[in-house]
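Asks: The structure that follows is given in the form of structure tokens.
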Amino acid sequence: MRAVRLSENRFKTMDEGSKKIRLGVLGSGKGSNFAAIADACAAGSVPAEVALVLSDVEGAGILEKAKARGIEARCLPPGRYRTRLEEAAERAYVEALQAAGVEWVALAGFMRILHRTFLEAFPGRVVNIHPSLLPAFPGLEAWRQALEYGVKVTGVTVHLVDQGVDTGPIVAQEAVRVEDEDTPETLHARIQEVEHRLYPAALADLISGRLEIRGRRVVRRG
Ligand code: GRF
């Protein structure tokens, strides 16, 4: 099977020039993962800069957190559907990101499924974080699903985005124990602590070109 180097030569890596990779971040919520990514970029541990933050939710915390860091942030209306972007809206998201020179896109709590128009504009370069050990508990409130199912271990997954719901190739995972006393809130809080470490580290690996994809497997380049 041919190994495809993620971040192949059509993408710039840090050793190819001093210009930083421009990252776009999409989110619908409070933006704690965005903050972790932006802070890791600013600290130099992710070789990128956040060029633009987009949200489908007016006044979302992620927009405020971006503006507080001096990062351009906008709400773009999603259109008439609840779980995806309308075709024209998806094009508007792509155009805004391309106009900002974005090469990689990180989804950070973006509550809509992206389709062809978006994924073909950033092939193999859209990344998501999910609050469970996929393929267990895809979809909404995965920490609550895990608690209700009764698993003893759940966790965090960073994956590349394909056209399915939480189905793309897995980049990184880390386990989180479920304690007897856990509520959905306490479990989600511990999962988020892991997210804030795992997501920047996985983005650094991807953007630096340290990983390649073999079929569904994302592995370190030999
Ligand atoms: C995170 O738990 C993430 O895994 C999920 O949505 C949540 C976003 O949280 N996809 P935040 O907005 O980054 O705080």
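Quick note on naming: the chains in the structure tokens go A, B, ... in the order shown, residues restart at 1 in each chain, and ligands are numbered from 1 in order of appearance.
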Which residues, written as an MDAnalysis selection string, have at least one atom at most 12 Å from Leu140 of chain A, with only C-alpha atoms counted and residues fewer than 2 positions away on the same chain left out?

Replies: chainID A and resid 83 109:113 130:132 136:138 142:146 165:166

Asks: Neighbours of ligand 1 at 7 Å or closer, counting only C-alpha atoms and all ligand atoms: which residues, as a list in words?

Replies: Gly27, Ser28, Gly29, Lys30, Gly31, Ser32, Asn33, Phe34, Ile62, Ala108, Gly109, Phe110, Ile129, His130, Pro131, His188, Gln192 and Glu195 of chain A

Asks: For all heavy atoms, I'd like the residues from the last selection saved as a tab-separated table (two decimals), in the first residue's frame.

Replies:
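And here is the file that came out, out06.tsv:
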chain	number	residue	atom	x	y	z
A	27	GLY	N	-15.31	26.76	15.32
A	27	GLY	CA	-15.93	26.28	16.56
A	27	GLY	C	-17.29	26.92	16.77
A	27	GLY	O	-17.58	27.98	16.23
A	28	SER	N	-18.10	26.24	17.58
A	28	SER	CA	-19.44	26.74	17.87
A	28	SER	C	-19.62	27.09	19.34
A	28	SER	O	-20.66	27.63	19.72
A	28	SER	CB	-20.49	25.67	17.53
A	28	SER	OG	-20.30	25.17	16.23
A	29	GLY	N	-18.62	26.77	20.17
A	29	GLY	CA	-18.85	26.85	21.61
A	29	GLY	C	-17.89	27.77	22.33
A	29	GLY	O	-17.50	28.81	21.82
A	30	LYS	N	-17.47	27.31	23.53
A	30	LYS	CA	-16.71	28.22	24.39
A	30	LYS	C	-15.26	28.40	23.95
A	30	LYS	O	-14.61	29.36	24.33
A	30	LYS	CB	-16.79	27.76	25.84
A	30	LYS	CG	-16.14	26.43	26.15
A	30	LYS	CD	-16.38	26.08	27.63
A	30	LYS	CE	-15.54	24.91	28.09
A	30	LYS	NZ	-15.92	23.64	27.45
A	31	GLY	N	-14.73	27.46	23.19
A	31	GLY	CA	-13.43	27.69	22.56
A	31	GLY	C	-12.23	27.37	23.42
A	31	GLY	O	-11.15	27.91	23.20
A	32	SER	N	-12.38	26.42	24.37
A	32	SER	CA	-11.21	26.11	25.21
A	32	SER	C	-10.14	25.38	24.39
A	32	SER	O	-8.94	25.58	24.62
A	32	SER	CB	-11.60	25.31	26.44
A	32	SER	OG	-12.05	24.03	26.09
A	33	ASN	N	-10.55	24.56	23.44
A	33	ASN	CA	-9.54	23.91	22.58
A	33	ASN	C	-8.86	24.91	21.66
A	33	ASN	O	-7.65	24.84	21.44
A	33	ASN	CB	-10.17	22.77	21.77
A	33	ASN	CG	-10.31	21.52	22.59
A	33	ASN	OD1	-9.32	20.83	22.85
A	33	ASN	ND2	-11.52	21.22	23.03
A	34	PHE	N	-9.65	25.84	21.12
A	34	PHE	CA	-9.02	26.90	20.33
A	34	PHE	C	-7.95	27.61	21.17
A	34	PHE	O	-6.84	27.87	20.69
A	34	PHE	CB	-10.06	27.93	19.85
A	34	PHE	CG	-9.45	29.27	19.62
A	34	PHE	CD1	-8.64	29.49	18.53
A	34	PHE	CD2	-9.61	30.28	20.57
A	34	PHE	CE1	-7.99	30.71	18.36
A	34	PHE	CE2	-8.97	31.50	20.41
A	34	PHE	CZ	-8.16	31.73	19.29
A	62	ILE	N	-15.74	31.21	21.57
A	62	ILE	CA	-14.52	31.05	20.76
A	62	ILE	C	-14.18	32.37	20.04
A	62	ILE	O	-13.01	32.71	19.89
A	62	ILE	CB	-14.67	29.87	19.76
A	62	ILE	CG1	-13.33	29.57	19.09
A	62	ILE	CG2	-15.77	30.10	18.73
A	62	ILE	CD1	-13.32	28.27	18.27
A	108	ALA	N	-12.78	22.73	16.32
A	108	ALA	CA	-12.69	22.73	17.78
A	108	ALA	C	-14.09	22.98	18.34
A	108	ALA	O	-14.47	24.11	18.62
A	108	ALA	CB	-11.70	23.81	18.23
A	109	GLY	N	-14.86	21.89	18.40
A	109	GLY	CA	-16.24	22.02	18.86
A	109	GLY	C	-17.14	22.66	17.83
A	109	GLY	O	-18.06	23.39	18.18
A	110	PHE	N	-16.87	22.39	16.53
A	110	PHE	CA	-17.74	22.91	15.47
A	110	PHE	C	-18.87	21.91	15.28
A	110	PHE	O	-18.62	20.74	14.97
A	110	PHE	CB	-16.95	23.10	14.17
A	110	PHE	CG	-17.72	23.83	13.11
A	110	PHE	CD1	-18.12	25.14	13.31
A	110	PHE	CD2	-18.03	23.22	11.91
A	110	PHE	CE1	-18.83	25.83	12.33
A	110	PHE	CE2	-18.74	23.91	10.92
A	110	PHE	CZ	-19.14	25.22	11.15
A	129	ILE	N	-11.27	17.14	16.91
A	129	ILE	CA	-11.09	16.47	18.20
A	129	ILE	C	-12.43	15.98	18.68
A	129	ILE	O	-13.45	16.67	18.54
A	129	ILE	CB	-10.41	17.39	19.23
A	129	ILE	CG1	-10.13	16.61	20.50
A	129	ILE	CG2	-11.26	18.64	19.53
A	129	ILE	CD1	-8.91	17.08	21.24
A	130	HIS	N	-12.43	14.74	19.21
A	130	HIS	CA	-13.69	14.14	19.66
A	130	HIS	C	-13.50	13.61	21.09
A	130	HIS	O	-12.50	12.95	21.38
A	130	HIS	CB	-14.09	13.01	18.72
A	130	HIS	CG	-15.42	12.44	19.08
A	130	HIS	ND1	-16.61	13.07	18.78
A	130	HIS	CD2	-15.75	11.31	19.77
A	130	HIS	CE1	-17.62	12.36	19.24
A	130	HIS	NE2	-17.12	11.28	19.85
A	131	PRO	N	-14.49	13.86	21.96
A	131	PRO	CA	-14.31	13.50	23.38
A	131	PRO	C	-14.68	12.06	23.71
A	131	PRO	O	-15.46	11.81	24.64
A	131	PRO	CB	-15.22	14.51	24.09
A	131	PRO	CG	-16.30	14.79	23.11
A	131	PRO	CD	-15.69	14.67	21.74
A	188	HIS	N	-16.46	15.22	31.68
A	188	HIS	CA	-16.11	16.08	30.54
A	188	HIS	C	-14.95	17.01	30.91
A	188	HIS	O	-14.05	17.25	30.09
A	188	HIS	CB	-17.33	16.91	30.08
A	188	HIS	CG	-17.09	17.63	28.79
A	188	HIS	ND1	-17.67	18.83	28.48
A	188	HIS	CD2	-16.31	17.32	27.71
A	188	HIS	CE1	-17.26	19.23	27.28
A	188	HIS	NE2	-16.44	18.33	26.80
A	192	GLN	N	-11.53	17.22	28.89
A	192	GLN	CA	-11.05	18.48	28.28
A	192	GLN	C	-9.60	18.78	28.66
A	192	GLN	O	-8.84	19.30	27.84
A	192	GLN	CB	-11.98	19.63	28.66
A	192	GLN	CG	-13.32	19.52	27.92
A	192	GLN	CD	-13.73	20.81	27.25
A	192	GLN	OE1	-14.17	21.74	27.93
A	192	GLN	NE2	-13.59	20.88	25.94
A	195	GLU	N	-7.74	16.92	26.24
A	195	GLU	CA	-7.88	17.54	24.91
A	195	GLU	C	-6.90	18.69	24.72
A	195	GLU	O	-6.26	18.82	23.66
A	195	GLU	CB	-9.30	18.09	24.72
A	195	GLU	CG	-10.36	17.03	24.57
A	195	GLU	CD	-11.75	17.62	24.33
A	195	GLU	OE1	-11.98	18.80	24.63
A	195	GLU	OE2	-12.59	16.89	23.84

Asks: Looking at only C-alpha atoms, which of A:Gly61, A:Gly155, A:Pro200, A:Gly101 is the one that sits closest to Ser45 of chain A?

Replies: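 Comparing A:Gly61, A:Gly155, A:Pro200, A:Gly101 against Ser45 of chain A, the winner is A:Pro200.
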
Asks: I'd like to know which residues of chain A are helix (DSSP H, G or I) (by DSSP, run on the backbone); could you write them as a PyMOL selection string?

Replies: chain A and resi 14-16+32-43+61-68+87-99+116-121+142-149+184-207

Asks: Any chance you could export the current selection's C-alpha atoms as a JSON list (two decimals), in the first residue's frame?

Replies:
[["chain", "number", "residue", "atom", "x", "y", "z"],
["A", 14, "MET", "CA", 8.71, 24.92, 8.77],
["A", 15, "ASP", "CA", 12.11, 23.90, 7.44],
["A", 16, "GLU", "CA", 11.12, 25.09, 3.98],
["A", 32, "SER", "CA", -11.21, 26.11, 25.21],
["A", 33, "ASN", "CA", -9.54, 23.91, 22.58],
["A", 34, "PHE", "CA", -9.02, 26.90, 20.33],
["A", 35, "ALA", "CA", -7.35, 28.70, 23.27],
["A", 36, "ALA", "CA", -5.03, 25.74, 23.87],
["A", 37, "ILE", "CA", -4.09, 25.63, 20.17],
["A", 38, "ALA", "CA", -3.57, 29.40, 19.88],
["A", 39, "ASP", "CA", -1.43, 29.45, 23.02],
["A", 40, "ALA", "CA", 0.66, 26.52, 21.76],
["A", 41, "CYS", "CA", 1.16, 28.34, 18.44],
["A", 42, "ALA", "CA", 2.17, 31.52, 20.25],
["A", 43, "ALA", "CA", 4.60, 29.53, 22.43],
["A", 61, "GLY", "CA", -17.05, 32.16, 23.36],
["A", 62, "ILE", "CA", -14.52, 31.05, 20.76],
["A", 63, "LEU", "CA", -14.96, 34.38, 18.90],
["A", 64, "GLU", "CA", -14.42, 36.38, 22.08],
["A", 65, "LYS", "CA", -11.34, 34.34, 23.01],
["A", 66, "ALA", "CA", -9.89, 34.89, 19.52],
["A", 67, "LYS", "CA", -10.49, 38.64, 19.56],
["A", 68, "ALA", "CA", -8.93, 38.85, 23.04],
["A", 87, "GLU", "CA", -24.04, 24.81, 0.23],
["A", 88, "ALA", "CA", -23.61, 28.59, -0.19],
["A", 89, "ALA", "CA", -22.51, 28.89, 3.44],
["A", 90, "GLU", "CA", -19.95, 26.11, 3.02],
["A", 91, "ARG", "CA", -18.53, 28.01, 0.03],
["A", 92, "ALA", "CA", -18.42, 31.22, 2.10],
["A", 93, "TYR", "CA", -16.44, 29.40, 4.84],
["A", 94, "VAL", "CA", -13.97, 28.09, 2.24],
["A", 95, "GLU", "CA", -13.58, 31.52, 0.62],
["A", 96, "ALA", "CA", -12.96, 33.25, 3.96],
["A", 97, "LEU", "CA", -10.33, 30.69, 4.94],
["A", 98, "GLN", "CA", -8.61, 30.78, 1.54],
["A", 99, "ALA", "CA", -8.61, 34.60, 1.54],
["A", 116, "ARG", "CA", -17.44, 17.90, -0.21],
["A", 117, "THR", "CA", -17.06, 21.58, -1.02],
["A", 118, "PHE", "CA", -15.16, 22.12, 2.22],
["A", 119, "LEU", "CA", -13.18, 18.88, 2.39],
["A", 120, "GLU", "CA", -12.01, 19.12, -1.23],
["A", 121, "ALA", "CA", -10.72, 22.64, -0.61],
["A", 142, "ALA", "CA", -19.76, 11.52, 23.86],
["A", 143, "TRP", "CA", -18.80, 11.82, 27.55],
["A", 144, "ARG", "CA", -22.48, 11.44, 28.52],
["A", 145, "GLN", "CA", -22.87, 8.47, 26.16],
["A", 146, "ALA", "CA", -19.81, 6.83, 27.79],
["A", 147, "LEU", "CA", -21.15, 7.39, 31.31],
["A", 148, "GLU", "CA", -24.61, 6.08, 30.44],
["A", 149, "TYR", "CA", -23.15, 3.01, 28.70],
["A", 184, "PRO", "CA", -21.27, 14.14, 32.96],
["A", 185, "GLU", "CA", -19.71, 17.45, 34.01],
["A", 186, "THR", "CA", -16.76, 16.03, 36.01],
["A", 187, "LEU", "CA", -15.99, 13.47, 33.30],
["A", 188, "HIS", "CA", -16.11, 16.08, 30.54],
["A", 189, "ALA", "CA", -13.84, 18.39, 32.57],
["A", 190, "ARG", "CA", -11.16, 15.66, 32.85],
["A", 191, "ILE", "CA", -11.55, 14.82, 29.16],
["A", 192, "GLN", "CA", -11.05, 18.48, 28.28],
["A", 193, "GLU", "CA", -7.80, 18.63, 30.29],
["A", 194, "VAL", "CA", -6.49, 15.86, 28.03],
["A", 195, "GLU", "CA", -7.88, 17.54, 24.91],
["A", 196, "HIS", "CA", -5.97, 20.73, 25.61],
["A", 197, "ARG", "CA", -2.69, 18.80, 25.64],
["A", 198, "LEU", "CA", -3.38, 16.19, 22.94],
["A", 199, "TYR", "CA", -4.81, 18.48, 20.23],
["A", 200, "PRO", "CA", -1.85, 20.90, 19.99],
["A", 201, "ALA", "CA", 0.61, 17.98, 20.09],
["A", 202, "ALA", "CA", -1.22, 16.15, 17.27],
["A", 203, "LEU", "CA", -1.43, 19.33, 15.19],
["A", 204, "ALA", "CA", 2.29, 19.89, 15.65],
["A", 205, "ASP", "CA", 2.99, 16.35, 14.36],
["A", 206, "LEU", "CA", 0.68, 16.79, 11.38],
["A", 207, "ILE", "CA", 1.80, 20.25, 10.36]]

Asks: Mind listing the strand (DSSP E) residues of segment 12-120 of chain A, per DSSP on the backbone, as a PDB file with C-alpha atoms, in the first residue's frame?

Replies:
ATOM      1  CA  ILE A  21       1.736  27.639   8.324  1.00  0.00           C
ATOM      2  CA  ARG A  22      -1.585  29.448   8.548  1.00  0.00           C
ATOM      3  CA  LEU A  23      -4.217  27.604  10.510  1.00  0.00           C
ATOM      4  CA  GLY A  24      -7.972  28.214  10.495  1.00  0.00           C
ATOM      5  CA  VAL A  25     -10.077  27.186  13.504  1.00  0.00           C
ATOM      6  CA  LEU A  26     -13.838  26.547  13.400  1.00  0.00           C
ATOM      7  CA  ALA A  48       1.693  27.557  12.857  1.00  0.00           C
ATOM      8  CA  GLU A  49      -0.235  30.728  13.503  1.00  0.00           C
ATOM      9  CA  VAL A  50      -3.992  30.943  13.833  1.00  0.00           C
ATOM     10  CA  ALA A  51      -4.942  33.162  10.903  1.00  0.00           C
ATOM     11  CA  LEU A  52      -8.735  33.107  11.233  1.00  0.00           C
ATOM     12  CA  VAL A  53     -11.438  31.803  13.557  1.00  0.00           C
ATOM     13  CA  LEU A  54     -14.922  31.170  12.182  1.00  0.00           C
ATOM     14  CA  SER A  55     -18.080  30.296  14.060  1.00  0.00           C
ATOM     15  CA  ALA A  73     -12.669  36.119  14.184  1.00  0.00           C
ATOM     16  CA  ARG A  74     -16.037  36.154  12.455  1.00  0.00           C
ATOM     17  CA  CYS A  75     -19.444  34.549  12.649  1.00  0.00           C
ATOM     18  CA  TRP A 104      -4.795  23.588   7.632  1.00  0.00           C
ATOM     19  CA  VAL A 105      -8.159  23.678   9.407  1.00  0.00           C
ATOM     20  CA  ALA A 106      -8.757  22.571  13.008  1.00  0.00           C
ATOM     21  CA  LEU A 107     -12.326  21.906  14.099  1.00  0.00           C
TER      22      LEU A 107
END

Asks: Atom CA of Val127 of chain A and atom CA of Val178 of chain A are how many Å apart?

Replies: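 For atom CA of Val127 of chain A relative to atom CA of Val178 of chain A, the distance reads 25.8 Å.
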